[in-house]
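Asks: Okay, so here is coords_36.txt, and as you'll see once you scroll down, it has compact mmCIF, C-alpha atoms.
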```
# COMPACT_ATOMS: atom_id res chain seq x y z
CA MET S 1 71.03 -11.68 43.80
CA HIS S 2 67.71 -12.49 45.48
CA ASN S 3 67.80 -15.90 43.80
CA LEU S 4 71.25 -16.56 45.22
CA GLN S 5 70.12 -15.67 48.73
CA ALA S 6 67.01 -17.84 48.42
CA ASN S 7 69.20 -20.70 47.23
CA THR S 8 71.66 -20.47 50.12
CA LEU S 9 68.71 -20.32 52.54
CA ARG S 10 67.30 -23.48 50.97
CA LEU S 11 70.67 -25.25 51.20
CA TYR S 12 71.16 -24.08 54.80
CA LEU S 13 67.73 -25.39 55.85
CA THR S 14 68.26 -28.66 53.94
CA CYS S 15 71.58 -29.20 55.70
CA ILE S 16 69.98 -28.56 59.09
CA ARG S 17 67.05 -30.83 58.28
CA ASN S 18 69.34 -33.70 57.19
CA THR S 19 71.57 -33.27 60.23
CA LEU S 20 68.56 -33.28 62.57
CA GLU S 21 67.10 -36.37 60.92
CA ALA S 22 70.35 -38.18 61.54
CA ALA S 23 70.94 -36.76 65.03
CA MET S 24 67.46 -37.15 66.47
CA CYS S 25 67.76 -40.79 67.56
CA LEU S 26 66.81 -40.48 71.19
CA GLN S 27 66.04 -43.18 73.70
CA ASN S 28 65.19 -43.20 77.35
CA PHE S 29 68.27 -43.27 79.57
CA PRO S 30 67.96 -43.08 83.37
CA CYS S 31 70.68 -41.04 85.05
CA GLN S 32 73.87 -43.04 85.71
CA GLU S 33 74.97 -40.99 88.69
CA VAL S 34 71.80 -40.55 90.69
CA GLU S 35 69.24 -43.26 91.35
CA ARG S 36 65.75 -42.83 89.99
CA HIS S 37 66.66 -39.60 88.21
CA ASN S 38 66.16 -39.03 84.52
CA LYS S 39 67.90 -35.95 83.16
CA PRO S 40 68.59 -34.62 79.65
CA GLU S 41 72.24 -35.60 79.24
CA VAL S 42 72.96 -32.87 76.70
CA GLU S 43 72.38 -30.25 79.40
CA LEU S 44 74.56 -31.88 82.05
CA LYS S 45 77.44 -33.16 79.89
CA THR S 46 78.83 -35.22 82.79
CA SER S 47 79.50 -38.46 80.85
CA PRO S 48 81.38 -38.09 77.55
CA GLU S 49 80.31 -41.54 76.33
CA LEU S 50 76.71 -40.32 76.19
CA LEU S 51 77.46 -37.32 73.98
CA LEU S 52 77.89 -37.07 70.23
CA ASN S 53 80.12 -34.52 68.50
CA PRO S 54 78.43 -31.11 68.47
CA VAL S 55 77.94 -29.69 65.01
CA LEU S 56 78.00 -26.00 64.04
CA ILE S 57 76.33 -25.08 60.74
CA CYS S 58 76.97 -21.50 59.65
CA ARG S 59 75.20 -19.88 56.75
CA ASN S 60 77.46 -16.83 56.91
CA GLU S 61 79.21 -14.70 59.51
CA ALA S 62 75.93 -13.66 61.18
CA GLU S 63 73.67 -16.74 61.07
CA LYS S 64 74.52 -20.08 62.59
CA CYS S 65 72.95 -23.12 64.18
CA LEU S 66 74.53 -25.34 66.85
CA ILE S 67 73.24 -28.90 67.17
CA GLU S 68 74.34 -30.86 70.23
CA THR S 69 73.12 -34.42 70.65
CA SER S 70 73.22 -36.94 73.45
CA ILE S 71 71.64 -40.31 74.09
CA ASN S 72 68.34 -38.96 75.37
CA SER S 73 68.21 -35.32 74.30
CA ILE S 74 69.16 -32.88 71.55
CA ARG S 75 69.78 -29.15 71.92
CA ILE S 76 69.44 -26.85 68.92
CA SER S 77 70.61 -23.24 69.30
CA MET S 78 70.19 -20.58 66.66
CA LYS S 79 71.58 -17.17 65.97
CA VAL S 80 69.27 -15.19 63.66
CA LYS S 81 70.33 -12.57 61.16
CA GLN S 82 70.42 -9.05 62.59
CA ALA S 83 71.32 -6.54 59.92
CA ASP S 84 71.07 -3.33 61.98
CA GLU S 85 70.44 -1.98 65.47
CA LEU S 86 66.66 -2.00 65.04
CA GLU S 87 66.58 -5.66 63.94
CA ASN S 88 68.86 -6.44 66.87
CA ILE S 89 66.39 -4.97 69.37
CA LEU S 90 63.34 -6.46 67.65
CA ALA S 91 64.90 -9.92 67.50
CA LYS S 92 65.95 -9.80 71.13
CA LYS S 93 62.50 -8.68 72.34
CA PHE S 94 60.56 -11.05 70.11
CA LEU S 95 62.65 -14.11 70.99
CA ARG S 96 62.60 -13.23 74.68
CA PHE S 97 58.79 -13.04 74.43
CA LEU S 98 58.73 -16.54 72.95
CA SER S 99 61.28 -17.97 75.38
CA MET S 100 59.29 -16.72 78.38
CA ARG S 101 56.32 -18.73 77.09
CA ALA S 102 58.44 -21.86 76.60
CA GLU S 103 55.89 -24.02 78.48
CA ALA S 104 53.41 -23.61 75.65
CA PHE S 105 55.97 -24.67 73.03
CA GLN S 106 57.17 -27.69 75.05
CA VAL S 107 60.38 -28.04 73.04
CA LEU S 108 61.60 -24.49 73.62
CA ARG S 109 64.30 -23.73 76.19
CA ARG S 110 63.59 -20.87 78.59
CA LYS S 111 67.03 -19.36 78.16
CA PRO S 112 69.07 -19.43 74.96
CA VAL S 113 72.52 -20.96 75.13
CA GLN S 114 75.34 -18.42 75.61
CA GLY S 115 76.17 -16.78 72.29
CA TYR S 116 72.85 -17.63 70.60
CA ASP S 117 69.42 -16.04 70.30
CA ILE S 118 67.12 -18.99 70.95
CA SER S 119 67.45 -22.65 71.93
CA PHE S 120 65.34 -25.78 71.67
CA LEU S 121 65.65 -28.80 73.92
CA ILE S 122 64.07 -31.99 72.57
CA THR S 123 64.04 -35.07 74.81
CA ASN S 124 63.14 -38.70 74.18
CA TYR S 125 59.75 -38.05 75.79
CA HIS S 126 58.96 -35.46 73.11
CA CYS S 127 59.96 -37.97 70.44
CA GLU S 128 57.68 -40.57 72.00
CA ASP S 129 54.68 -38.22 72.13
CA MET S 130 55.21 -36.49 68.82
CA HIS S 131 56.25 -37.56 65.35
CA LYS S 132 59.99 -37.07 64.73
CA HIS S 133 59.51 -35.70 61.23
CA LYS S 134 56.93 -33.23 62.53
CA LEU S 135 59.34 -31.98 65.17
CA ILE S 136 61.98 -31.42 62.52
CA ASP S 137 59.42 -29.70 60.27
CA PHE S 138 58.58 -27.41 63.17
CA ILE S 139 62.21 -26.43 63.79
CA VAL S 140 62.94 -25.77 60.12
CA GLN S 141 59.66 -23.88 59.63
CA PHE S 142 60.49 -21.80 62.71
CA MET S 143 63.84 -20.81 61.21
CA GLU S 144 62.17 -19.80 57.96
CA ASP S 145 59.42 -17.83 59.67
CA ILE S 146 61.59 -16.01 62.17
CA ASP S 147 63.27 -13.98 59.42
CA LYS S 148 59.90 -13.05 57.91
CA GLU S 149 58.48 -12.11 61.32
CA ILE S 150 61.35 -9.79 62.14
CA SER S 151 61.16 -8.12 58.72
CA GLU S 152 57.42 -7.59 59.23
CA LEU S 153 57.98 -6.17 62.71
CA LYS S 154 60.63 -3.80 61.36
CA LEU S 155 58.31 -2.67 58.61
CA SER S 156 55.44 -2.00 61.00
CA VAL S 157 57.72 -0.13 63.44
CA ASN S 158 58.96 2.12 60.64
CA THR S 159 55.43 2.69 59.28
CA ARG S 160 54.08 3.54 62.71
CA GLY S 161 57.01 5.83 63.42
CA ARG S 162 56.35 7.67 60.18
CA LEU S 163 52.62 8.03 60.91
CA VAL S 164 53.21 9.28 64.44
CA ALA S 165 55.84 11.76 63.30
CA THR S 166 53.58 13.07 60.53
CA GLU S 167 50.63 13.56 62.91
CA PHE S 168 52.80 15.23 65.54
CA LEU S 169 54.53 17.57 63.18
CA LYS S 170 51.22 18.59 61.50
CA GLN S 171 50.57 20.97 64.38
CA PHE S 172 53.62 22.97 63.42
CA ILE S 173 52.55 23.54 59.83
CA MET D 1 105.25 -43.80 78.39
CA ALA D 2 107.95 -41.23 77.68
CA ALA D 3 109.13 -43.34 74.74
CA GLU D 4 105.61 -43.38 73.33
CA GLY D 5 105.41 -39.61 73.70
CA PHE D 6 108.69 -39.30 71.83
CA LEU D 7 107.36 -41.56 69.08
CA GLU D 8 104.25 -39.41 68.86
CA VAL D 9 106.40 -36.31 68.29
CA GLU D 10 108.36 -38.15 65.59
CA ASN D 11 105.12 -39.18 63.97
CA LEU D 12 103.78 -35.62 64.12
CA GLU D 13 106.78 -34.29 62.21
CA ALA D 14 106.35 -37.08 59.67
CA ILE D 15 102.66 -36.25 59.35
CA ILE D 16 103.35 -32.54 58.79
CA THR D 17 105.95 -33.39 56.13
CA ARG D 18 103.47 -35.70 54.43
CA ILE D 19 100.83 -32.96 54.45
CA GLU D 20 103.27 -30.51 52.89
CA GLN D 21 104.05 -33.04 50.14
CA LYS D 22 100.33 -33.52 49.60
CA SER D 23 99.88 -29.76 49.34
CA ARG D 24 102.44 -29.49 46.55
CA LYS D 25 100.89 -32.43 44.69
CA ILE D 26 97.44 -30.85 44.99
CA GLU D 27 98.64 -27.50 43.66
CA SER D 28 100.05 -29.22 40.56
CA LEU D 29 96.85 -31.28 40.09
CA LEU D 30 94.73 -28.11 40.30
CA LYS D 31 96.95 -26.43 37.71
CA GLN D 32 96.21 -29.40 35.43
CA SER D 33 92.46 -28.82 36.07
CA LYS D 34 91.99 -32.10 37.92
CA PRO D 35 89.94 -31.00 40.97
CA VAL D 36 88.57 -34.50 41.73
CA GLU D 37 92.05 -36.07 41.89
CA ALA D 38 93.15 -33.13 44.02
CA LEU D 39 90.31 -33.80 46.47
CA LYS D 40 91.11 -37.54 46.58
CA THR D 41 94.76 -36.76 47.32
CA ALA D 42 93.74 -34.30 50.03
CA LEU D 43 91.39 -36.76 51.77
CA GLU D 44 93.79 -39.70 51.54
CA GLY D 45 96.09 -40.22 54.48
CA SER D 46 94.29 -37.69 56.68
CA PRO D 47 95.57 -37.68 60.26
CA LEU D 48 92.36 -38.88 61.87
CA LYS D 49 93.74 -40.76 64.89
CA THR D 50 96.11 -38.08 66.16
CA ARG D 51 94.92 -35.47 68.67
CA ASP D 52 97.44 -32.80 67.64
CA GLU D 53 95.72 -29.60 66.52
CA ARG D 54 98.59 -28.47 64.24
CA CYS D 55 98.36 -31.60 62.07
CA LYS D 56 94.60 -31.37 61.87
CA SER D 57 94.70 -27.67 60.94
CA ALA D 58 97.43 -28.27 58.35
CA ASN D 59 95.39 -31.03 56.73
CA TRP D 60 92.23 -28.93 56.90
CA ILE D 61 93.94 -26.12 54.97
CA VAL D 62 94.89 -28.58 52.24
CA VAL D 63 91.42 -30.15 52.07
CA HIS D 64 89.81 -26.70 52.11
CA ARG D 65 91.88 -25.68 49.09
CA ALA D 66 90.71 -28.77 47.21
CA ILE D 67 87.04 -28.33 48.22
CA MET D 68 86.93 -24.68 47.12
CA ALA D 69 88.33 -25.64 43.71
CA ILE D 70 85.40 -27.94 42.94
CA LYS D 71 83.01 -26.44 40.39
CA ASP D 72 80.97 -29.47 39.29
CA VAL D 73 79.68 -31.11 42.48
CA ASP D 74 77.62 -33.88 40.82
CA GLY D 75 80.53 -34.93 38.62
CA MET D 76 82.89 -34.89 41.55
CA LEU D 77 80.69 -37.13 43.69
CA ALA D 78 80.07 -39.50 40.79
CA SER D 79 83.79 -40.15 40.40
CA LEU D 80 84.69 -40.15 44.11
CA ASP D 81 85.07 -43.59 45.74
CA PRO D 82 82.48 -44.28 48.47
CA GLU D 83 85.25 -44.94 50.98
CA TYR D 84 85.96 -41.19 50.99
CA TYR D 85 82.36 -40.16 51.73
CA ASP D 86 82.71 -40.35 55.52
CA ILE D 87 85.93 -38.32 55.65
CA LEU D 88 84.52 -35.77 53.24
CA MET D 89 81.40 -35.38 55.41
CA LYS D 90 83.55 -34.72 58.49
CA TYR D 91 85.53 -32.08 56.64
CA LEU D 92 82.30 -30.50 55.35
CA TYR D 93 81.12 -30.03 58.93
CA ARG D 94 84.47 -28.49 59.79
CA GLY D 95 84.02 -26.13 56.86
CA LEU D 96 80.50 -25.23 57.97
CA ALA D 97 81.80 -24.36 61.42
CA THR D 98 84.20 -21.74 60.08
CA GLY D 99 81.48 -19.17 59.32
CA ASP D 100 83.34 -17.87 56.28
CA ARG D 101 80.69 -17.13 53.64
CA PRO D 102 82.27 -18.66 50.48
CA THR D 103 83.41 -21.75 52.41
CA CYS D 104 79.94 -22.23 53.91
CA ASP D 105 78.25 -21.76 50.52
CA GLN D 106 80.46 -24.41 48.94
CA CYS D 107 80.14 -26.81 51.86
CA LEU D 108 76.34 -26.46 51.94
CA ARG D 109 76.20 -27.18 48.22
CA ILE D 110 78.32 -30.33 48.55
CA HIS D 111 76.56 -31.42 51.78
CA GLU D 112 73.16 -31.61 50.08
CA LYS D 113 74.45 -33.74 47.21
CA LEU D 114 76.62 -35.93 49.43
CA THR D 115 73.68 -36.65 51.75
CA GLU D 116 71.58 -37.68 48.73
CA ARG D 117 74.33 -40.11 47.71
CA ALA D 118 75.64 -41.38 51.01
CA GLY D 119 72.50 -41.19 53.11
CA LEU D 120 71.86 -40.19 56.72
CA GLY D 121 74.23 -42.91 57.95
CA CYS D 122 77.15 -40.87 56.68
CA ILE D 123 76.00 -37.87 58.78
CA LEU D 124 75.44 -40.05 61.84
CA ARG D 125 78.90 -41.58 61.54
CA SER D 126 80.47 -38.13 61.48
CA LEU D 127 78.50 -37.21 64.63
CA ALA D 128 79.15 -40.44 66.50
CA ASP D 129 82.82 -41.01 65.69
CA THR D 130 84.89 -39.58 68.53
CA VAL D 131 88.01 -41.64 67.68
CA ASN D 132 88.62 -40.52 64.08
CA THR D 133 88.18 -36.76 64.15
CA VAL D 134 89.14 -33.97 61.77
```
Output the file's structure in the form of structure tokens.

Replies:
Amino acid sequence: MHNLQANTLRLYLTCIRNTLEAAMCLQNFPCQEVERHNKPEVELKTSPELLLNPVLICRNEAEKCLIETSINSIRISMKVKQADELENILAKKFLRFLSMRAEAFQVLRRKPVQGYDISFLITNYHCEDMHKHKLIDFIVQFMEDIDKEISELKLSVNTRGRLVATEFLKQFI
Amino acid sequence: MAAEGFLEVENLEAIITRIEQKSRKIESLLKQSKPVEALKTALEGSPLKTRDERCKSANWIVVHRAIMAIKDVDGMLASLDPEYYDILMKYLYRGLATGDRPTCDQCLRIHEKLTERAGLGCILRSLADTVNTV
């Protein structure tokens, strides 16, 4: 059972990696509508000829990844697995914490796309400054680690809750 | 313009009839344990140029049936003609978008092997092609 889950995770990440490798062909493209402006076309979506078909890769009913590409930018939005209420809250808080510090990550988007938990925005400038394969490694590694992080957080919340409850209730023994 | 619209409707009915015929042929092929032929039949004559959602959904149901019947992915890809790789990739992405667990499992399995065979170009063509859509 665990093997099966590990295998689908591997296939899911491989599919995303392959799709990103194909989709991340970005080049500089000055804005067509406004002089001297240079905007990420995937965010504006004003000119259909600059956009590629968006692709939705679902692992199951709860986890999915939306990849939208354009000529000069790519937007990757993820929905992470949230098995119960506690994981829901932890995921929301943790990802909000990261999103608020998007400046430090450079490729992170400050607000996730509607319907998703976290979004990345990669532009041609990022591809010029950083290696493409490293960017893809980062995204895939992030997806792998996020599940582990949230499990760890859940574990530590439960442990702490148990310790606190034990200490508190000792006075009533 | 009205005449063209009328022709389009005629064509749509013809397409739906063709898909129904395909569906029957595929069911019989699957009963004879020929999943690869079934997939070839399903992918052939797909309504890629039309914009009508009904035709596309009808064809997707047929292709989905054939995809889910595949047990040996390597064998299937070895005997599938390369001209079908692009259409298969587009249908795999449609399958991955459904979110249904068994469909996604199967599509992820085939996607990995198909990418190894057909390369990243196949993926890029399915992303870039806005004329022939599934």

Asks: Which residue gives the smallest distance to chain D among S:Ile16, S:Ala165, S:Ile122, S:Leu90, with all atoms listed in the file counted?

Replies: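 The closest residue to chain D is S:Ile16.
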
Asks: Which residue out of D:Leu124, D:Ile26, D:Leu77, D:Val131 has the minimum interatomic distance to chain S when all atoms listed in the file are used?

Replies: D:Leu124

Asks: Considering all atoms listed in the file, return as a ChimeraX atom specification whatever protein or nucleic-acid residues lie within 7 Å of stretch 57-67 of chain S, sequence-local ones (same chain, fewer than 2 positions apart) excluded.

Replies: /S:12,54-55,69,75-81 /D:96-97,99-101,104

Asks: Would you mind listing, as a PyMOL selection string, all residues of chain D that have at least one atom within 10 Å of chain S, where all atoms listed in the file are what counts?

Replies: chain D and resi 90+92-112+115-116+119-130+133

Asks: What is the atom CA of D:Ala14-atom CA of D:Pro47 distance in Å, reported with one decimal?

Replies: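 Here the two named atoms are 10.8 Å from each other.
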
Asks: Expressed in Å to a single decimal, how great is the separation between atom CA of D:Ala78 and atom CA of D:Ala38?

Replies: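 Result for atom CA of D:Ala78 versus atom CA of D:Ala38: 14.9 Å, one decimal.
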
Asks: Atom CA of S:Ile136 and atom CA of S:Leu121 are how many Å apart?

Replies: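 Spanning atom CA of S:Ile136 to atom CA of S:Leu121 is a straight-line distance of 12.3 Å.
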